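Heads up, structure.cif below (mmCIF, C-alpha atoms):
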data_query
loop_
_atom_site.label_atom_id
_atom_site.label_comp_id
_atom_site.auth_asym_id
_atom_site.auth_seq_id
_atom_site.Cartn_x
_atom_site.Cartn_y
_atom_site.Cartn_z
CA ASP W 1194 -2.36 -15.90 -14.03
CA GLY W 1195 0.14 -13.17 -13.28
CA GLY W 1196 0.38 -11.91 -9.76
CA ILE W 1197 2.17 -11.60 -6.45
CA THR W 1198 2.20 -14.44 -3.95
CA GLN W 1199 3.14 -14.27 -0.30
CA SER W 1200 3.56 -17.24 1.94
CA PRO W 1201 2.56 -18.27 4.43
CA LYS W 1202 -0.71 -16.41 5.09
CA TYR W 1203 -0.31 -16.78 8.87
CA LEU W 1204 2.96 -17.21 10.73
CA PHE W 1205 3.62 -17.71 14.41
CA ARG W 1206 7.04 -17.44 15.97
CA LYS W 1207 8.54 -17.33 19.42
CA GLU W 1208 10.17 -14.16 20.62
CA GLY W 1209 13.87 -14.05 19.77
CA GLN W 1210 13.61 -16.12 16.58
CA ASN W 1211 14.33 -14.81 13.12
CA VAL W 1212 11.66 -15.47 10.52
CA THR W 1213 11.64 -15.08 6.73
CA LEU W 1214 8.57 -14.05 4.76
CA SER W 1215 8.35 -15.04 1.13
CA CYS W 1216 7.30 -12.81 -1.78
CA GLU W 1217 7.26 -13.94 -5.40
CA GLN W 1218 5.95 -12.16 -8.50
CA ASN W 1219 5.56 -13.33 -12.09
CA LEU W 1220 4.58 -9.94 -13.49
CA ASN W 1221 8.11 -9.24 -14.74
CA HIS W 1222 8.17 -6.13 -12.58
CA ASP W 1223 11.53 -4.58 -11.82
CA ALA W 1224 10.70 -2.96 -8.49
CA MET W 1225 9.57 -4.71 -5.32
CA TYR W 1226 8.59 -3.36 -1.91
CA TRP W 1227 7.89 -4.50 1.65
CA TYR W 1228 5.40 -2.68 3.85
CA ARG W 1229 4.23 -3.13 7.40
CA GLN W 1230 0.62 -2.44 8.40
CA ASP W 1231 -0.58 -2.01 11.97
CA PRO W 1232 -4.26 -1.67 12.97
CA GLY W 1233 -5.71 1.72 12.08
CA GLN W 1234 -2.51 2.78 10.37
CA GLY W 1235 -1.41 3.39 6.84
CA LEU W 1236 1.31 1.36 5.19
CA ARG W 1237 4.89 2.00 6.24
CA LEU W 1238 7.76 1.15 3.91
CA ILE W 1239 10.40 -1.25 5.24
CA TYR W 1240 12.66 -1.90 2.24
CA TYR W 1241 12.45 -1.60 -1.53
CA SER W 1242 14.42 -2.83 -4.51
CA GLN W 1243 14.46 -1.42 -8.02
CA ILE W 1244 16.81 -3.95 -9.54
CA VAL W 1245 18.35 -7.33 -8.80
CA ASN W 1246 21.14 -7.28 -6.21
CA ASP W 1247 20.22 -3.78 -5.08
CA PHE W 1248 17.87 -2.55 -2.35
CA GLN W 1249 17.30 0.52 -0.19
CA LYS W 1250 16.02 1.10 3.31
CA GLY W 1251 12.57 2.51 3.74
CA ASP W 1252 11.22 4.44 6.70
CA ILE W 1253 11.30 1.59 9.25
CA ALA W 1254 14.13 -0.73 8.19
CA GLU W 1255 15.58 -1.34 11.66
CA GLY W 1256 15.28 -4.99 12.68
CA TYR W 1257 14.60 -6.19 9.12
CA SER W 1258 16.76 -7.49 6.28
CA VAL W 1259 16.10 -8.35 2.62
CA SER W 1260 17.78 -9.86 -0.41
CA ARG W 1261 17.09 -9.59 -4.13
CA GLU W 1262 18.99 -12.39 -5.84
CA LYS W 1263 16.32 -12.95 -8.48
CA LYS W 1264 14.00 -10.50 -10.22
CA GLU W 1265 10.90 -12.39 -9.16
CA SER W 1266 11.76 -12.89 -5.49
CA PHE W 1267 12.19 -10.45 -2.59
CA PRO W 1268 12.21 -12.26 0.79
CA LEU W 1269 12.01 -10.30 4.04
CA THR W 1270 13.65 -11.49 7.25
CA VAL W 1271 12.26 -10.21 10.52
CA THR W 1272 15.14 -10.46 12.97
CA SER W 1273 15.12 -10.74 16.73
CA ALA W 1274 16.26 -7.11 16.81
CA GLN W 1275 12.83 -5.94 15.67
CA LYS W 1276 11.20 -4.80 18.91
CA ASN W 1277 7.57 -5.14 17.89
CA PRO W 1278 7.36 -7.60 15.00
CA THR W 1279 3.70 -8.63 15.28
CA ALA W 1280 2.00 -7.03 12.27
CA PHE W 1281 0.53 -7.58 8.80
CA TYR W 1282 3.28 -7.58 6.17
CA LEU W 1283 2.56 -6.65 2.57
CA CYS W 1284 4.75 -7.14 -0.47
CA ALA W 1285 4.23 -5.07 -3.61
CA SER W 1286 5.77 -4.67 -7.05
CA SER W 1287 5.73 -2.13 -9.86
CA ILE W 1288 6.99 -1.70 -13.40
CA LEU W 1289 9.81 0.69 -14.24
CA PRO W 1290 10.17 3.28 -15.85
CA PRO W 1291 7.81 6.08 -14.78
CA PRO W 1292 5.07 7.03 -14.80
CA ALA W 1293 3.75 3.46 -14.71
CA TYR W 1294 6.20 2.49 -11.98
CA ASN W 1295 4.16 4.47 -9.47
CA GLU W 1296 1.35 1.94 -9.66
CA GLN W 1297 2.22 -0.61 -7.04
CA PHE W 1298 0.40 -3.93 -6.97
CA PHE W 1299 0.13 -5.81 -3.69
CA GLY W 1300 0.24 -9.42 -2.62
CA PRO W 1301 -2.31 -10.95 -0.19
CA GLY W 1302 -0.14 -10.32 2.88
CA THR W 1303 1.34 -12.38 5.72
CA ARG W 1304 0.13 -11.93 9.28
CA LEU W 1305 3.04 -12.49 11.65
CA THR W 1306 2.38 -13.09 15.32
CA VAL W 1307 5.28 -13.29 17.74
CA LEU W 1308 4.41 -15.08 20.94
CA GLY G 1168 8.52 12.77 6.28
CA GLN G 1169 5.57 13.81 4.15
CA GLN G 1170 2.09 13.06 5.44
CA LEU G 1171 -1.28 12.56 3.89
CA ASN G 1172 -4.37 13.49 5.87
CA GLN G 1173 -7.20 11.20 4.86
CA SER G 1174 -10.77 11.85 5.94
CA PRO G 1175 -13.12 10.75 7.21
CA GLN G 1176 -11.58 7.95 9.28
CA SER G 1177 -14.79 5.94 9.04
CA MET G 1178 -18.19 6.11 7.39
CA PHE G 1179 -21.45 4.29 8.04
CA ILE G 1180 -23.92 4.56 5.17
CA GLN G 1181 -27.04 2.92 3.77
CA GLU G 1182 -26.92 0.88 0.60
CA GLY G 1183 -27.59 3.10 -2.39
CA GLU G 1184 -26.05 6.24 -0.91
CA ASP G 1185 -23.15 8.08 -2.50
CA VAL G 1186 -19.81 8.30 -0.66
CA SER G 1187 -17.07 10.88 -0.75
CA MET G 1188 -13.63 10.80 0.88
CA ASN G 1189 -10.48 12.84 0.41
CA CYS G 1190 -6.79 13.15 1.05
CA THR G 1191 -4.92 16.38 1.63
CA SER G 1192 -1.34 17.40 2.16
CA SER G 1193 0.75 20.50 2.62
CA SER G 1194 3.05 19.22 -0.13
CA ILE G 1195 2.60 19.11 -3.89
CA PHE G 1196 2.05 15.64 -5.32
CA ASN G 1197 2.76 14.33 -8.81
CA THR G 1198 0.74 11.14 -8.54
CA TRP G 1199 -2.32 10.04 -6.60
CA LEU G 1200 -3.42 6.43 -6.21
CA TRP G 1201 -6.56 5.05 -4.58
CA TYR G 1202 -6.65 1.52 -3.16
CA LYS G 1203 -9.28 -0.65 -1.51
CA GLN G 1204 -8.38 -3.25 1.11
CA ASP G 1205 -10.66 -6.06 2.25
CA PRO G 1206 -10.05 -7.51 5.73
CA GLY G 1207 -6.96 -9.70 5.84
CA GLU G 1208 -6.10 -9.05 2.20
CA GLY G 1209 -3.70 -6.84 0.29
CA PRO G 1210 -4.82 -3.49 -1.14
CA VAL G 1211 -6.19 -3.49 -4.67
CA LEU G 1212 -5.49 -0.54 -6.95
CA LEU G 1213 -8.70 1.25 -7.97
CA ILE G 1214 -7.64 4.42 -9.76
CA ALA G 1215 -4.37 6.17 -10.66
CA LEU G 1216 -4.14 9.92 -11.34
CA TYR G 1217 -1.20 11.73 -12.93
CA LYS G 1218 -2.33 15.23 -13.93
CA ALA G 1219 -3.69 18.16 -11.92
CA GLY G 1220 -7.42 18.43 -12.51
CA GLU G 1221 -7.64 14.91 -13.91
CA LEU G 1222 -10.97 13.19 -13.33
CA THR G 1223 -10.99 9.41 -13.80
CA SER G 1224 -13.76 6.87 -13.39
CA ASN G 1225 -13.75 3.14 -12.77
CA GLY G 1226 -17.33 1.90 -12.78
CA ARG G 1227 -19.14 3.56 -9.88
CA LEU G 1228 -15.88 5.06 -8.61
CA THR G 1229 -14.64 8.50 -9.61
CA ALA G 1230 -11.43 10.12 -8.43
CA GLN G 1231 -9.99 13.56 -9.02
CA PHE G 1232 -6.50 15.01 -8.83
CA GLY G 1233 -6.92 18.41 -7.15
CA ILE G 1234 -6.01 21.54 -9.08
CA THR G 1235 -3.64 22.68 -6.32
CA ARG G 1236 -1.86 19.25 -6.56
CA LYS G 1237 -2.21 18.99 -2.79
CA ASP G 1238 -5.37 16.92 -2.61
CA SER G 1239 -7.42 14.17 -4.18
CA PHE G 1240 -11.00 12.96 -3.87
CA LEU G 1241 -12.69 9.61 -4.29
CA ASN G 1242 -16.43 9.28 -4.83
CA ILE G 1243 -18.46 6.09 -4.86
CA SER G 1244 -21.95 6.31 -6.31
CA ALA G 1245 -24.91 4.10 -5.40
CA SER G 1246 -23.00 2.08 -2.80
CA ILE G 1247 -23.53 -1.67 -2.48
CA PRO G 1248 -22.63 -4.06 0.36
CA SER G 1249 -19.44 -5.26 -1.38
CA ASP G 1250 -18.06 -1.71 -1.22
CA VAL G 1251 -17.29 -2.40 2.45
CA GLY G 1252 -13.59 -2.14 3.22
CA ILE G 1253 -10.81 0.31 3.88
CA TYR G 1254 -9.94 2.83 1.20
CA PHE G 1255 -6.41 4.22 1.10
CA CYS G 1256 -4.99 7.13 -0.80
CA ALA G 1257 -1.32 7.14 -1.74
CA GLY G 1258 0.79 9.79 -3.37
CA LEU G 1259 4.17 10.53 -4.83
CA TYR G 1260 5.16 14.05 -3.84
CA LYS G 1261 7.13 16.54 -5.92
CA GLY G 1262 10.78 16.58 -4.96
CA GLY G 1263 10.55 13.26 -3.20
CA SER G 1264 11.95 9.86 -4.06
CA GLU G 1265 10.02 7.11 -5.76
CA LYS G 1266 8.51 6.07 -2.43
CA LEU G 1267 4.77 6.33 -2.05
CA VAL G 1268 3.20 8.03 0.98
CA PHE G 1269 -0.02 6.45 2.28
CA GLY G 1270 -2.98 7.90 4.12
CA LYS G 1271 -4.30 6.06 7.18
CA GLY G 1272 -7.42 4.93 5.37
CA THR G 1273 -11.18 5.44 5.42
CA LYS G 1274 -13.17 2.50 6.76
CA LEU G 1275 -16.47 2.17 4.92
CA THR G 1276 -19.45 0.25 6.29
CA VAL G 1277 -22.53 -0.19 4.11
CA ASN G 1278 -25.78 -1.23 5.74
CA PRO G 1279 -28.09 -3.25 3.46
#
Translate this structure into structure tokens?
Amino acid sequence: DGGITQSPKYLFRKEGQNVTLSCEQNLNHDAMYWYRQDPGQGLRLIYYSQIVNDFQKGDIAEGYSVSREKKESFPLTVTSAQKNPTAFYLCASSILPPPAYNEQFFGPGTRLTVL
Amino acid sequence: GQQLNQSPQSMFIQEGEDVSMNCTSSSIFNTWLWYKQDPGEGPVLLIALYKAGELTSNGRLTAQFGITRKDSFLNISASIPSDVGIYFCAGLYKGGSEKLVFGKGTKLTVNP
């Protein structure tokens, strides 16, 4: 089955520690995205990548870092510089070129809790 | 940045009733997407709209791309308990980058 996987589903970390969230897709999609979701809020874009070895900051990139060494993988690191890291993190992917690339498909999410 | 105003924020309905929700913006959009999110899960794409005036159905769901290109509507007919969840609109606005803008969601509760 093709899809997007995120692991782990739940993650607990102590304040001050960096943590890396995994996102893998086998849909052969070129573009991948990371979003943050807080209760009662819409999704806010952290980083996105349209091609291997290239990525751009989204609206709330501060305190986060990413890499795109392989087409199917787009890990997100939440660093100790992120002031409020507890949230639900969603990874998504989409095909290029347009217009189909606008349809983003989401993984199941990782809930990060910083203690 | 651009904003989408999604309403209502929440709805409480009886099973069998029809539901309507919408998203509006002051900006012109080229694409509208509607997603449903179950608790603790990722959003699932329901309907994609690409043309002004376009009306698209997916089972009991119908969505429309507003003629002004500044709004979109989602209707659910004959609601059932499994329709419970949060519905999000998302759009790609004219003159913007390839980044989607999301509404804050409509939380739907269906009473059996």
Report task. Return the neighbours of chain W among the residues of chain G, cut-off 10 Å, counting all atoms listed in the file, as a VMD selection string. Result -> chain G and resid 1168 1171 1173 1176 1197 to 1202 1204 to 1205 1207 to 1212 1214 to 1217 1253 1255 to 1259 1265 to 1274
Create the file for the chosen residues now, containing C-alpha atoms and written as a compact mmCIF listing (two decimals), keeping the file's coordinate frame.
# COMPACT_ATOMS: atom_id res chain seq x y z
CA GLY G 1168 8.52 12.77 6.28
CA LEU G 1171 -1.28 12.56 3.89
CA GLN G 1173 -7.20 11.20 4.86
CA GLN G 1176 -11.58 7.95 9.28
CA ASN G 1197 2.76 14.33 -8.81
CA THR G 1198 0.74 11.14 -8.54
CA TRP G 1199 -2.32 10.04 -6.60
CA LEU G 1200 -3.42 6.43 -6.21
CA TRP G 1201 -6.56 5.05 -4.58
CA TYR G 1202 -6.65 1.52 -3.16
CA GLN G 1204 -8.38 -3.25 1.11
CA ASP G 1205 -10.66 -6.06 2.25
CA GLY G 1207 -6.96 -9.70 5.84
CA GLU G 1208 -6.10 -9.05 2.20
CA GLY G 1209 -3.70 -6.84 0.29
CA PRO G 1210 -4.82 -3.49 -1.14
CA VAL G 1211 -6.19 -3.49 -4.67
CA LEU G 1212 -5.49 -0.54 -6.95
CA ILE G 1214 -7.64 4.42 -9.76
CA ALA G 1215 -4.37 6.17 -10.66
CA LEU G 1216 -4.14 9.92 -11.34
CA TYR G 1217 -1.20 11.73 -12.93
CA ILE G 1253 -10.81 0.31 3.88
CA PHE G 1255 -6.41 4.22 1.10
CA CYS G 1256 -4.99 7.13 -0.80
CA ALA G 1257 -1.32 7.14 -1.74
CA GLY G 1258 0.79 9.79 -3.37
CA LEU G 1259 4.17 10.53 -4.83
CA GLU G 1265 10.02 7.11 -5.76
CA LYS G 1266 8.51 6.07 -2.43
CA LEU G 1267 4.77 6.33 -2.05
CA VAL G 1268 3.20 8.03 0.98
CA PHE G 1269 -0.02 6.45 2.28
CA GLY G 1270 -2.98 7.90 4.12
CA LYS G 1271 -4.30 6.06 7.18
CA GLY G 1272 -7.42 4.93 5.37
CA THR G 1273 -11.18 5.44 5.42
CA LYS G 1274 -13.17 2.50 6.76
**Report entry** CA of Asp1247 (chain W) to CA of Glu1262 (chain W), straight-line distance in Å
**Finding:** 8.7 Å
Report task. With the file shown as input, list the residues that the PyMOL selection byres ((chain W and resi 1279) around 10) selects, as a VMD selection string. Result -> chain W and resid 1204 to 1206 1229 to 1231 1271 1275 to 1278 1280 to 1282 1304 to 1308
Using C-alpha atoms, can you write the selected residues to a file as an mmCIF file, in the frame of the given file?
data_model
loop_
_atom_site.group_PDB
_atom_site.id
_atom_site.type_symbol
_atom_site.label_atom_id
_atom_site.label_comp_id
_atom_site.auth_asym_id
_atom_site.auth_seq_id
_atom_site.Cartn_x
_atom_site.Cartn_y
_atom_site.Cartn_z
ATOM 1 C CA LEU W 1204 2.960 -17.210 10.730
ATOM 2 C CA PHE W 1205 3.620 -17.710 14.410
ATOM 3 C CA ARG W 1206 7.040 -17.440 15.970
ATOM 4 C CA ARG W 1229 4.230 -3.130 7.400
ATOM 5 C CA GLN W 1230 0.620 -2.440 8.400
ATOM 6 C CA ASP W 1231 -0.580 -2.010 11.970
ATOM 7 C CA VAL W 1271 12.260 -10.210 10.520
ATOM 8 C CA GLN W 1275 12.830 -5.940 15.670
ATOM 9 C CA LYS W 1276 11.200 -4.800 18.910
ATOM 10 C CA ASN W 1277 7.570 -5.140 17.890
ATOM 11 C CA PRO W 1278 7.360 -7.600 15.000
ATOM 12 C CA ALA W 1280 2.000 -7.030 12.270
ATOM 13 C CA PHE W 1281 0.530 -7.580 8.800
ATOM 14 C CA TYR W 1282 3.280 -7.580 6.170
ATOM 15 C CA ARG W 1304 0.130 -11.930 9.280
ATOM 16 C CA LEU W 1305 3.040 -12.490 11.650
ATOM 17 C CA THR W 1306 2.380 -13.090 15.320
ATOM 18 C CA VAL W 1307 5.280 -13.290 17.740
ATOM 19 C CA LEU W 1308 4.410 -15.080 20.940
#
Query raised in the report: Which of these, W:Ser1266, W:Ser1242, W:Ser1200, W:Thr1213, has the shortest distance to Leu1289 (chain W) once you count only C-alpha atoms?
Result: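 For Leu1289 (chain W), the nearest of the candidates is W:Ser1242.
Between CA of Glu1265 (chain W) and CA of Trp1227 (chain W) the interatomic distance comes to 13.7 Å.
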Requested in this report: Determine the residue set returned by the PyMOL selection byres ((chain G and resi 1230) around 9) for the present structure, and present it as a PyMOL selection string.
Outcome: chain G and resi 1201+1214-1216+1221-1225+1228-1229+1231-1232+1239-1243
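CA of Thr1272 (chain W) to CA of Thr1198 (chain W) spans 21.7 Å [interatomic distance, one decimal].
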Query raised in the report: Which polymer residues have any atom within 12 Å of an atom of Pro1279 (chain G), counting all atoms listed in the file, with same-chain residues fewer than 3 positions away left out, as a list in words?
Result: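 Counting all atoms listed in the file, the residues come to Phe1179, Ile1180, Gln1181, Glu1182, Gly1183, Glu1184, Ala1245, Ser1246, Ile1247, Pro1248, Ser1249, Asp1250, Val1251 and Thr1276 of chain G.
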Query raised in the report: Neighbours of Leu1269 (chain W) within 9 Å (all atoms listed in the file; same-chain residues fewer than 6 positions away dropped), as number ranges by chain?
Result: W: 1212-1216, 1227, 1240, 1257-1260
Query raised in the report: Which residues come within 7 Å of Gly1196 (chain W), counting all atoms listed in the file, excluding same-chain residues fewer than 3 positions away, as a list of chain:residue names?
Result: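 After dropping sequence-adjacent residues, the list is W:Gln1218, W:Asn1219, W:Leu1220.
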Same residues, C-alpha atoms, output as a tab-separated table (two decimals), in the coordinates of the input:
chain	number	residue	atom	x	y	z
W	1218	GLN	CA	5.95	-12.16	-8.50
W	1219	ASN	CA	5.56	-13.33	-12.09
W	1220	LEU	CA	4.58	-9.94	-13.49
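Of the residues under consideration (W:Ala1274, W:Ile1288, W:Ala1254, W:Ile1197), W:Ala1254 shows the shortest atom-to-atom contact distance to Tyr1228 (chain W) when counting all atoms listed in the file.
Each of W:Glu1208, W:Asp1223, W:Glu1217, W:Glu1255 was compared to Ile1239 (chain W) using all atoms listed in the file, and W:Glu1255 turns out to be the nearest.
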